>>> print(open('model.csv').read())   # CSV, C-alpha atoms
chain,number,residue,atom,x,y,z
A,1,MET,CA,13.5,-34.6,-1.7
A,2,PRO,CA,17.2,-34.8,-2.8
A,3,ALA,CA,18.3,-37.7,-4.9
A,4,ARG,CA,20.0,-40.5,-3.1
A,5,PRO,CA,23.8,-40.9,-3.7
A,6,PRO,CA,24.7,-43.7,-6.2
A,7,ALA,CA,25.2,-47.1,-4.7
A,8,MET,CA,27.4,-50.0,-5.6
A,9,SER,CA,24.5,-51.7,-7.3
A,10,ASP,CA,24.1,-48.7,-9.6
A,11,VAL,CA,27.7,-49.0,-10.6
A,12,ALA,CA,27.2,-52.7,-11.3
A,13,GLN,CA,24.2,-52.0,-13.4
A,14,ARG,CA,25.9,-49.3,-15.4
A,15,ALA,CA,29.0,-51.4,-16.0
A,16,GLY,CA,27.1,-54.6,-16.7
A,17,VAL,CA,28.8,-56.6,-14.0
A,18,SER,CA,27.9,-58.2,-10.7
A,19,HIS,CA,28.0,-56.4,-7.3
A,20,GLN,CA,30.9,-58.7,-6.3
A,21,THR,CA,32.9,-57.6,-9.3
A,22,VAL,CA,32.5,-54.0,-8.4
A,23,SER,CA,33.7,-54.8,-4.9
A,24,ARG,CA,36.7,-56.6,-6.2
A,25,VAL,CA,37.7,-53.6,-8.3
A,26,LEU,CA,37.3,-51.2,-5.4
A,27,ASN,CA,39.5,-53.5,-3.3
A,28,GLY,CA,42.2,-53.9,-5.9
A,29,HIS,CA,41.7,-57.6,-6.4
A,30,PRO,CA,44.1,-59.0,-9.0
A,31,SER,CA,41.6,-61.5,-10.5
A,32,VAL,CA,39.6,-58.8,-12.4
A,33,ARG,CA,40.3,-58.6,-16.1
A,34,PRO,CA,41.7,-55.2,-17.2
A,35,GLU,CA,38.9,-54.4,-19.6
A,36,THR,CA,36.3,-55.2,-16.8
A,37,ARG,CA,38.3,-53.0,-14.4
A,38,ASP,CA,38.2,-50.1,-16.9
A,39,ARG,CA,34.5,-50.5,-17.4
A,40,VAL,CA,33.8,-50.4,-13.7
A,41,ASN,CA,36.0,-47.4,-13.1
A,42,GLU,CA,34.3,-45.6,-16.0
A,43,ALA,CA,30.9,-46.3,-14.4
A,44,ILE,CA,32.2,-45.0,-11.0
A,45,ALA,CA,33.4,-41.8,-12.6
A,46,GLU,CA,30.2,-41.2,-14.6
A,47,LEU,CA,27.9,-41.8,-11.6
A,48,GLY,CA,30.2,-40.0,-9.1
A,49,TYR,CA,30.1,-43.0,-6.8
A,50,ARG,CA,31.8,-42.8,-3.4
A,51,ARG,CA,32.5,-45.7,-1.2
A,52,ASN,CA,30.7,-45.7,2.2
A,53,SER,CA,33.7,-45.9,4.5
A,54,ALA,CA,31.6,-46.3,7.6
A,55,ALA,CA,29.7,-49.3,6.2
A,56,ARG,CA,32.9,-50.8,4.9
A,57,ALA,CA,34.5,-50.4,8.4
A,58,LEU,CA,31.6,-52.3,10.0
A,59,VAL,CA,32.4,-55.3,7.6
A,60,THR,CA,36.2,-55.2,7.6
A,61,ARG,CA,36.6,-53.9,11.1
A,62,ARG,CA,39.2,-51.5,9.6
A,63,SER,CA,38.9,-47.8,9.2
A,64,ASP,CA,41.9,-47.4,6.9
A,65,THR,CA,42.9,-44.5,9.1
A,66,LEU,CA,46.1,-44.1,11.2
A,67,GLY,CA,46.7,-41.6,14.0
A,68,VAL,CA,50.1,-39.9,14.0
A,69,VAL,CA,51.5,-38.2,17.1
A,70,THR,CA,54.4,-35.8,16.4
A,71,PRO,CA,56.2,-33.2,18.5
A,72,ALA,CA,55.5,-29.5,17.8
A,73,SER,CA,58.8,-28.9,16.0
A,74,ALA,CA,59.9,-27.3,12.8
A,75,LEU,CA,63.2,-29.2,12.9
A,76,HIS,CA,64.2,-31.1,9.8
A,77,GLY,CA,64.2,-34.6,11.2
A,78,PRO,CA,60.7,-34.8,12.7
A,79,THR,CA,59.1,-32.8,9.9
A,80,SER,CA,60.7,-34.9,7.2
A,81,THR,CA,59.7,-38.0,9.0
A,82,LEU,CA,56.1,-36.9,9.1
A,83,VAL,CA,56.0,-36.0,5.4
A,84,GLY,CA,57.7,-39.3,4.5
A,85,PHE,CA,55.3,-41.4,6.5
A,86,GLU,CA,52.2,-39.5,5.3
A,87,GLU,CA,53.1,-40.0,1.7
A,88,ALA,CA,53.9,-43.7,2.1
A,89,ALA,CA,50.7,-44.3,4.1
A,90,ARG,CA,48.6,-42.6,1.4
A,91,VAL,CA,50.1,-44.8,-1.3
A,92,ALA,CA,49.4,-47.9,0.9
A,93,GLY,CA,45.7,-46.8,1.2
A,94,TRP,CA,45.6,-45.2,4.6
A,95,TYR,CA,44.3,-41.9,5.6
A,96,VAL,CA,46.4,-40.1,8.3
A,97,SER,CA,45.1,-38.0,11.2
A,98,VAL,CA,47.9,-35.9,12.8
A,99,ALA,CA,48.0,-34.7,16.4
A,100,THR,CA,50.8,-32.2,17.2
A,101,VAL,CA,51.8,-32.1,20.8
A,102,ARG,CA,53.8,-29.4,22.6
A,103,GLN,CA,53.8,-30.8,26.1
A,104,VAL,CA,54.8,-34.5,26.1
A,105,ASP,CA,54.0,-36.5,29.2
A,106,ALA,CA,52.2,-39.7,30.0
A,107,GLU,CA,48.8,-38.0,30.5
A,108,THR,CA,49.0,-36.0,27.2
A,109,MET,CA,50.0,-39.1,25.3
A,110,ARG,CA,47.1,-41.1,26.9
A,111,LYS,CA,44.6,-38.4,26.0
A,112,THR,CA,46.0,-38.2,22.4
A,113,ALA,CA,45.8,-42.0,22.0
A,114,GLU,CA,42.2,-42.0,23.4
A,115,HIS,CA,41.3,-39.3,20.9
A,116,PHE,CA,42.5,-41.4,18.0
A,117,LEU,CA,40.9,-44.6,19.4
A,118,ASP,CA,37.6,-42.7,19.5
A,119,GLN,CA,38.0,-42.1,15.8
A,120,GLY,CA,38.4,-45.8,15.3
A,121,VAL,CA,42.0,-45.7,13.9
A,122,ASP,CA,43.6,-49.0,12.9
A,123,GLY,CA,46.9,-48.1,14.5
A,124,ILE,CA,48.9,-45.2,16.0
A,125,VAL,CA,52.3,-44.0,14.8
A,126,VAL,CA,54.4,-41.9,17.2
A,127,ILE,CA,57.4,-39.8,16.0
A,128,ALA,CA,59.5,-40.1,19.1
A,129,PRO,CA,62.9,-38.2,18.9
A,130,THR,CA,63.2,-37.6,22.6
A,131,ASN,CA,63.4,-39.6,25.8
A,132,GLU,CA,60.2,-38.2,27.3
A,133,ILE,CA,58.1,-39.2,24.2
A,134,ALA,CA,59.5,-42.7,24.2
A,135,GLN,CA,58.8,-43.1,27.9
A,136,ALA,CA,55.3,-41.9,27.4
A,137,VAL,CA,54.7,-44.4,24.6
A,138,ALA,CA,56.1,-47.2,26.8
A,139,GLY,CA,53.3,-46.4,29.4
A,140,LEU,CA,50.5,-46.7,26.9
A,141,ASP,CA,48.0,-49.6,27.1
A,142,SER,CA,46.7,-49.6,23.5
A,143,PRO,CA,44.3,-52.1,21.9
A,144,VAL,CA,45.7,-51.2,18.5
A,145,PRO,CA,49.3,-51.5,17.3
A,146,ILE,CA,51.8,-48.6,17.9
A,147,VAL,CA,54.7,-48.0,15.6
A,148,MET,CA,57.3,-45.7,17.1
A,149,ILE,CA,59.6,-43.9,14.6
A,150,SER,CA,62.7,-43.3,16.6
A,151,SER,CA,66.4,-44.1,16.8
A,152,THR,CA,66.0,-45.4,20.3
A,153,PRO,CA,67.8,-48.7,20.6
A,154,ASP,CA,65.1,-50.7,22.3
A,155,VAL,CA,61.4,-51.4,21.7
A,156,PRO,CA,59.4,-50.4,24.8
A,157,PRO,CA,57.8,-53.3,26.6
A,158,GLY,CA,54.4,-54.3,25.4
A,159,ARG,CA,53.2,-56.6,22.6
A,160,HIS,CA,51.6,-53.8,20.7
A,161,VAL,CA,54.7,-51.5,20.3
A,162,HIS,CA,56.9,-51.8,17.2
A,163,ALA,CA,59.8,-49.5,16.3
A,164,VAL,CA,61.5,-48.3,13.1
A,165,GLY,CA,64.4,-45.9,12.6
A,166,VAL,CA,67.6,-44.9,10.9
A,167,ASP,CA,70.9,-46.2,12.4
A,168,GLN,CA,72.1,-42.8,13.8
A,169,ARG,CA,75.1,-44.4,15.5
A,170,GLN,CA,76.4,-46.0,12.3
A,171,GLY,CA,75.9,-42.7,10.5
A,172,ALA,CA,78.0,-40.9,13.0
A,173,ARG,CA,80.7,-43.6,12.6
A,174,LEU,CA,80.7,-43.1,8.9
A,175,ALA,CA,81.1,-39.3,9.3
A,176,THR,CA,83.9,-39.7,11.9
A,177,ARG,CA,85.8,-42.3,9.9
A,178,HIS,CA,85.7,-40.1,6.9
A,179,LEU,CA,87.2,-37.2,8.8
A,180,LEU,CA,89.8,-39.4,10.6
A,181,ASP,CA,91.0,-40.6,7.2
A,182,LEU,CA,91.9,-37.0,6.5
A,183,GLY,CA,94.2,-37.1,9.5
A,184,GLY,CA,94.1,-35.8,13.1
A,185,PRO,CA,91.4,-35.8,15.8
A,186,VAL,CA,87.8,-34.9,15.2
A,187,LEU,CA,85.8,-32.4,17.3
A,188,HIS,CA,82.1,-33.3,17.7
A,189,VAL,CA,79.6,-30.5,18.0
A,190,ALA,CA,76.7,-32.5,19.6
A,191,GLY,CA,73.0,-31.8,19.7
A,192,PRO,CA,70.8,-31.6,22.9
A,193,GLN,CA,71.3,-34.9,24.8
A,194,ASP,CA,67.6,-35.5,25.6
A,195,TRP,CA,67.3,-36.4,21.9
A,196,PHE,CA,68.0,-39.9,20.8
A,197,ASP,CA,69.5,-38.8,17.6
A,198,ALA,CA,72.0,-36.6,19.4
A,199,GLN,CA,72.8,-39.3,21.9
A,200,ASP,CA,73.5,-41.9,19.2
A,201,ARG,CA,75.5,-39.5,17.0
A,202,LEU,CA,77.7,-38.6,20.0
A,203,ALA,CA,78.1,-42.4,20.8
A,204,GLY,CA,79.0,-43.2,17.2
A,205,TRP,CA,81.7,-40.4,17.1
A,206,HIS,CA,83.1,-41.7,20.4
A,207,ASP,CA,83.1,-45.4,19.2
A,208,GLU,CA,84.9,-44.6,16.0
A,209,CYS,CA,87.5,-42.4,17.7
A,210,VAL,CA,88.2,-45.1,20.3
A,211,ALA,CA,88.4,-47.8,17.6
A,212,ALA,CA,91.0,-45.7,15.7
A,213,GLY,CA,93.0,-45.1,18.8
A,214,ILE,CA,92.7,-41.3,18.4
A,215,ASP,CA,92.8,-38.9,21.4
A,216,LEU,CA,89.3,-37.6,22.1
A,217,ILE,CA,88.6,-33.9,22.0
A,218,GLU,CA,85.9,-32.9,24.6
A,219,PRO,CA,82.7,-32.7,22.6
A,220,VAL,CA,80.7,-29.5,22.6
A,221,VAL,CA,77.0,-29.9,23.4
A,222,THR,CA,74.6,-27.3,22.1
A,223,GLY,CA,71.1,-26.9,20.5
A,224,TRP,CA,70.1,-27.9,16.9
A,225,GLY,CA,70.0,-24.4,15.2
A,226,ALA,CA,72.3,-22.6,12.9
A,227,ASP,CA,72.7,-19.8,15.5
A,228,ASP,CA,74.0,-22.4,17.9
A,229,GLY,CA,76.6,-23.5,15.3
A,230,TYR,CA,77.6,-19.9,14.7
A,231,ALA,CA,78.1,-19.3,18.4
A,232,ILE,CA,80.3,-22.4,18.7
A,233,GLY,CA,82.3,-21.4,15.6
A,234,ARG,CA,83.0,-17.9,17.1
A,235,ARG,CA,84.0,-19.5,20.4
A,236,LEU,CA,86.4,-21.9,18.6
A,237,LEU,CA,87.9,-19.0,16.7
A,238,ASP,CA,88.3,-16.9,19.8
A,239,SER,CA,90.1,-19.7,21.6
A,240,GLY,CA,92.8,-19.8,18.9
A,241,ASP,CA,92.6,-23.6,19.0
A,242,LEU,CA,90.7,-24.5,15.8
A,243,PRO,CA,90.5,-28.3,15.2
A,244,ALA,CA,91.4,-29.7,11.9
A,245,SER,CA,88.1,-31.6,11.6
A,246,ILE,CA,84.6,-31.1,12.9
A,247,PHE,CA,81.6,-33.4,12.9
A,248,ALA,CA,78.5,-31.4,13.5
A,249,ALA,CA,75.4,-33.2,14.7
A,250,ASN,CA,73.2,-31.8,12.0
A,251,ASP,CA,73.4,-29.6,8.9
A,252,GLN,CA,72.0,-26.5,10.6
A,253,LEU,CA,74.9,-26.6,13.1
A,254,ALA,CA,77.3,-27.0,10.2
A,255,LEU,CA,75.7,-24.0,8.4
A,256,GLY,CA,76.3,-21.8,11.4
A,257,LEU,CA,79.9,-23.1,11.7
A,258,GLU,CA,80.5,-22.3,8.0
A,259,HIS,CA,79.2,-18.8,8.5
A,260,ALA,CA,81.5,-18.1,11.5
A,261,PHE,CA,84.5,-19.5,9.7
A,262,TRP,CA,83.8,-17.5,6.5
A,263,GLU,CA,83.6,-14.3,8.5
A,264,ALA,CA,87.1,-15.1,9.9
A,265,GLY,CA,88.6,-16.0,6.6
A,266,VAL,CA,88.9,-19.7,7.6
A,267,ARG,CA,88.4,-21.9,4.5
A,268,VAL,CA,86.1,-24.8,5.1
A,269,GLY,CA,87.4,-27.8,3.1
A,270,HIS,CA,90.9,-26.5,3.3
A,271,ASP,CA,91.8,-25.1,6.7
A,272,VAL,CA,89.1,-27.2,8.5
A,273,ALA,CA,87.2,-30.2,7.3
A,274,LEU,CA,83.5,-30.2,8.2
A,275,VAL,CA,80.7,-32.9,8.1
A,276,GLY,CA,77.1,-32.5,9.0
A,277,PHE,CA,74.1,-34.9,9.4
A,278,ASP,CA,70.7,-35.1,7.6
A,279,ASP,CA,71.4,-34.0,4.0
A,280,GLU,CA,68.7,-31.4,4.4
A,281,ALA,CA,67.4,-29.5,1.3
A,282,GLY,CA,70.0,-27.0,0.3
A,283,SER,CA,73.0,-28.6,2.0
A,284,SER,CA,74.5,-29.2,-1.5
A,285,HIS,CA,74.4,-25.4,-2.0
A,286,TYR,CA,76.2,-24.4,1.2
A,287,ALA,CA,79.5,-22.5,0.6
A,288,PRO,CA,81.2,-24.9,0.2
A,289,PRO,CA,78.8,-27.7,-0.4
A,290,LEU,CA,78.4,-29.8,2.7
A,291,THR,CA,79.6,-33.3,3.3
A,292,THR,CA,76.8,-34.9,5.3
A,293,VAL,CA,75.0,-38.1,6.3
A,294,ARG,CA,71.8,-38.8,4.4
A,295,GLN,CA,68.7,-40.3,5.9
A,296,ASP,CA,66.1,-41.7,3.5
A,297,PHE,CA,62.9,-40.4,5.0
A,298,ALA,CA,60.8,-41.7,2.1
A,299,GLU,CA,62.1,-45.2,2.7
A,300,LEU,CA,61.6,-44.7,6.5
A,301,GLY,CA,58.0,-43.9,5.8
A,302,ARG,CA,57.5,-47.0,3.6
A,303,LEU,CA,59.2,-49.1,6.3
A,304,ALA,CA,56.9,-47.8,9.0
A,305,THR,CA,53.8,-48.5,6.9
A,306,SER,CA,54.9,-52.1,6.2
A,307,VAL,CA,55.6,-52.6,9.9
A,308,MET,CA,52.2,-51.3,10.7
A,309,GLN,CA,50.6,-53.7,8.3
A,310,ALA,CA,52.6,-56.6,9.7
A,311,ALA,CA,51.5,-55.5,13.2
A,312,LEU,CA,47.8,-55.5,12.2
A,313,ASP,CA,48.3,-59.0,10.8
A,314,GLY,CA,49.6,-60.1,14.2
A,315,GLY,CA,53.3,-59.8,13.8
A,316,PRO,CA,55.6,-59.7,16.9
A,317,SER,CA,57.0,-56.5,18.4
A,318,GLU,CA,60.5,-55.8,17.0
A,319,ARG,CA,62.8,-53.1,15.8
A,320,HIS,CA,63.7,-52.3,12.2
A,321,VAL,CA,66.7,-50.2,11.3
A,322,LEU,CA,67.6,-48.5,8.0
A,323,PRO,CA,71.3,-47.8,7.1
A,324,PRO,CA,72.3,-44.1,6.5
A,325,GLU,CA,74.6,-43.0,3.7
A,326,LEU,CA,77.6,-40.7,3.7
A,327,VAL,CA,77.5,-38.0,1.0
A,328,VAL,CA,80.9,-36.5,0.4
A,329,ARG,CA,81.1,-32.9,-0.9
A,330,ALA,CA,83.7,-30.1,-0.8
A,331,SER,CA,83.4,-29.2,2.9
A,332,SER,CA,85.7,-32.2,3.6
A,333,ALA,CA,87.9,-32.0,0.5
A,334,ARG,CA,91.1,-31.2,2.3
A,335,ALA,CA,92.8,-34.4,1.3
>>> encode(input="model.csv", output="structure tokens")
Amino acid sequence: MPARPPAMSDVAQRAGVSHQTVSRVLNGHPSVRPETRDRVNEAIAELGYRRNSAARALVTRRSDTLGVVTPASALHGPTSTLVGFEEAARVAGWYVSVATVRQVDAETMRKTAEHFLDQGVDGIVVIAPTNEIAQAVAGLDSPVPIVMISSTPDVPPGRHVHAVGVDQRQGARLATRHLLDLGGPVLHVAGPQDWFDAQDRLAGWHDECVAAGIDLIEPVVTGWGADDGYAIGRRLLDSGDLPASIFAANDQLALGLEHAFWEAGVRVGHDVALVGFDDEAGSSHYAPPLTTVRQDFAELGRLATSVMQAALDGGPSERHVLPPELVVRASSARA
């Protein structure tokens, strides 16, 4: 017969403390003296003790597990959001179960939520960059809190839904104001308009141009990829009407534009000023280094975990927004 796994009482006996003291150490209670905590942790390591999560969940009615729904996308924003949240949740003591969905509709979202609820998750986090995902979240009837990570301006109806995001509109205004200060109108190369980020960045560009009394150039709407930016760059060059300043809706679009201009001998930062959005890894090594709007995905993850904890404690549904930061580099150094 195999030996039974060590129990909390074994740890208590080895460390020479009470069962309650071991429990306080495991739960991070601040009242335990450092030398006692060290002795308990040594006993845990020596015995190879592992907490019985199922038994603990029966007592606390918490599984310390969160479900995360994310779109099947390799794009920088959703991927960085997932990584930032997972890291923050782990530090906060949660395990994360991830469901990647390719087809997003109300039925898919309902089935995914039910899958997580069957696992006994404490809450559900939805990375919602598009209209269809946010609408599907709004239709969920969940017994656990839902935190939606999105730049959508409104919290969907329902007392269980909370929202966090980065102020995309303000970020676009920072980028546009920077380019306007260099002189002349600003062309916006916009992302796909079923994405909230793209909508808000277009709106921010428009707001800042109108506030400055600058004539608007018709924005160019395209995809998110560097190939899209390259195609737009070639089209601008072929038209013979290259604007003095361009605000690209993300760094990949800016990368494609830089490539097209480099091939044509147009000097970014001199002949044309260029700003991107995201400050993705490597943007400081573009040629020239790219001025861009930085989103703090690590802080966004920490904010989402704190909002989830507040929701589990009964806090009201509300929206929390982080400010972005403009990072100025050589691609907009014309001045």
>>> closest_residue(input="model.csv", among="A:Pro243, A:Gly67, A:Gly93, A:Pro219", to="Asp122 in chain A", atoms="all atoms listed in the file")
A:Gly67
>>> atom_distance(input="model.csv", atom1="CA of Glu208 in chain A", atom2="CA of Arg173 in chain A")
5.5 Å
>>> closest_residue(input="model.csv", among="A:Ser150, A:Ser245, A:Thr291, A:Gln103", to="Asp181 in chain A", atoms="all atoms listed in the file")
A:Ser245
>>> residues_around(input="model.csv", residues="range 212-218 of chain A", least_positions_apart="5", cutoff="12 Å", atoms="all atoms listed in the file", output="ChimeraX atom specification")
/A:173,176-181,183-190,202,205-207,241-247
>>> atom_distance(input="model.csv", atom1="CA of Ala281 in chain A", atom2="CA of Val104 in chain A")
28.3 Å
>>> residues_around(input="model.csv", residues="range 262-270 of chain A", least_positions_apart="6", cutoff="8 Å", atoms="only C-alpha atoms", output="list of chain:residue names")
A:Leu237, A:Pro288, A:Ala330, A:Ser331, A:Ser332, A:Ala333, A:Arg334
>>> closest_residue(input="model.csv", among="A:Val17, A:Val144, A:Ala198, A:Val101", to="Asp313 in chain A", atoms="all atoms listed in the file")
A:Val144
>>> closest_atom_pairs(input="model.csv", of="range 259-304 of chain A", to="range 221-225 of chain A", cutoff="12 Å", atoms="all atoms listed in the file", output="tab-separated table")
residue	atom	partner	partner_atom	distance
A:Gly276	CA	A:Trp224	CA	11.5
A:Phe277	CA	A:Trp224	CA	11.0
A:Asp278	CA	A:Trp224	CA	11.8
>>> write_last_selection(input="model.csv", atoms="C-alpha atoms", output="tab-separated table (two decimals), keeping the file's coordinate frame")
chain	number	residue	atom	x	y	z
A	276	GLY	CA	77.10	-32.50	9.00
A	277	PHE	CA	74.10	-34.90	9.40
A	278	ASP	CA	70.70	-35.10	7.60
>>> atom_distance(input="model.csv", atom1="CA of Ala248 in chain A", atom2="CA of Ala175 in chain A")
9.3 Å
>>> residues_around(input="model.csv", residues="Gly84 in chain A", least_positions_apart="6", cutoff="8 Å", atoms="only C-alpha atoms", output="CSV table (one decimal) with C-alpha atoms, keeping the file's coordinate frame")
chain,number,residue,atom,x,y,z
A,297,PHE,CA,62.9,-40.4,5.0
A,298,ALA,CA,60.8,-41.7,2.1
A,299,GLU,CA,62.1,-45.2,2.7
A,300,LEU,CA,61.6,-44.7,6.5
A,301,GLY,CA,58.0,-43.9,5.8
A,302,ARG,CA,57.5,-47.0,3.6
>>> closest_residue(input="model.csv", among="A:Val96, A:Ile127, A:Ala163, A:Val121", to="Ser73 in chain A", atoms="only C-alpha atoms")
A:Ile127
>>> closest_residue(input="model.csv", among="A:Thr130, A:Thr292, A:Ser151, A:Ser306", to="Gln193 in chain A", atoms="all atoms listed in the file")
A:Thr130
>>> residues_around(input="model.csv", residues="Gly256 in chain A", least_positions_apart="4", cutoff="8 Å", atoms="all atoms listed in the file", output="mmCIF file with C-alpha atoms, keeping the file's coordinate frame")
data_model
loop_
_atom_site.group_PDB
_atom_site.id
_atom_site.type_symbol
_atom_site.label_atom_id
_atom_site.label_comp_id
_atom_site.auth_asym_id
_atom_site.auth_seq_id
_atom_site.Cartn_x
_atom_site.Cartn_y
_atom_site.Cartn_z
ATOM 1 C CA GLY A 225 70.000 -24.400 15.200
ATOM 2 C CA ALA A 226 72.300 -22.600 12.900
ATOM 3 C CA ASP A 227 72.700 -19.800 15.500
ATOM 4 C CA ASP A 228 74.000 -22.400 17.900
ATOM 5 C CA GLY A 229 76.600 -23.500 15.300
ATOM 6 C CA TYR A 230 77.600 -19.900 14.700
ATOM 7 C CA ALA A 231 78.100 -19.300 18.400
ATOM 8 C CA GLY A 233 82.300 -21.400 15.600
ATOM 9 C CA GLN A 252 72.000 -26.500 10.600
ATOM 10 C CA ALA A 260 81.500 -18.100 11.500
#
>>> decode(input="model.csv", residues="range 256-275 of chain A", atoms="N, CA and C atoms", output="CSV table (one decimal), in the first residue's frame")
chain,number,residue,atom,x,y,z
A,256,GLY,N,5.6,48.9,-41.9
A,256,GLY,CA,5.4,48.7,-43.4
A,256,GLY,C,5.6,50.1,-44.1
A,257,LEU,N,5.1,51.2,-43.5
A,257,LEU,CA,5.3,52.5,-44.1
A,257,LEU,C,6.7,52.8,-44.2
A,258,GLU,N,7.5,52.6,-43.1
A,258,GLU,CA,8.9,52.9,-43.2
A,258,GLU,C,9.6,52.1,-44.3
A,259,HIS,N,9.2,50.9,-44.5
A,259,HIS,CA,9.8,50.0,-45.5
A,259,HIS,C,9.6,50.6,-46.9
A,260,ALA,N,8.3,51.0,-47.2
A,260,ALA,CA,8.0,51.6,-48.5
A,260,ALA,C,8.7,52.9,-48.7
A,261,PHE,N,8.8,53.7,-47.7
A,261,PHE,CA,9.5,55.0,-47.9
A,261,PHE,C,11.0,54.8,-48.1
A,262,TRP,N,11.6,53.9,-47.3
A,262,TRP,CA,13.0,53.6,-47.5
A,262,TRP,C,13.3,53.2,-48.9
A,263,GLU,N,12.5,52.3,-49.5
A,263,GLU,CA,12.7,51.9,-50.8
A,263,GLU,C,12.7,53.0,-51.8
A,264,ALA,N,11.9,54.0,-51.5
A,264,ALA,CA,11.7,55.2,-52.4
A,264,ALA,C,12.7,56.3,-52.1
A,265,GLY,N,13.5,56.1,-51.1
A,265,GLY,CA,14.5,57.2,-50.8
A,265,GLY,C,13.9,58.3,-50.0
A,266,VAL,N,12.6,58.1,-49.4
A,266,VAL,CA,12.0,59.1,-48.6
A,266,VAL,C,12.5,58.9,-47.1
A,267,ARG,N,13.0,59.9,-46.5
A,267,ARG,CA,13.6,59.9,-45.2
A,267,ARG,C,12.6,60.1,-44.1
A,268,VAL,N,12.3,59.0,-43.4
A,268,VAL,CA,11.3,59.2,-42.3
A,268,VAL,C,12.0,59.9,-41.2
A,269,GLY,N,11.4,60.9,-40.6
A,269,GLY,CA,12.0,61.8,-39.6
A,269,GLY,C,12.5,63.1,-40.2
A,270,HIS,N,12.6,63.1,-41.5
A,270,HIS,CA,13.0,64.3,-42.2
A,270,HIS,C,12.0,64.7,-43.3
A,271,ASP,N,11.8,63.9,-44.3
A,271,ASP,CA,10.8,64.2,-45.3
A,271,ASP,C,9.4,63.9,-44.9
A,272,VAL,N,9.2,63.0,-44.0
A,272,VAL,CA,7.9,62.7,-43.4
A,272,VAL,C,8.0,62.3,-42.0
A,273,ALA,N,7.2,62.8,-41.1
A,273,ALA,CA,7.2,62.4,-39.7
A,273,ALA,C,6.2,61.3,-39.5
A,274,LEU,N,6.6,60.3,-38.7
A,274,LEU,CA,5.7,59.1,-38.5
A,274,LEU,C,5.6,58.7,-37.0
A,275,VAL,N,4.4,58.4,-36.6
A,275,VAL,CA,4.2,58.0,-35.2
A,275,VAL,C,3.3,56.7,-35.3
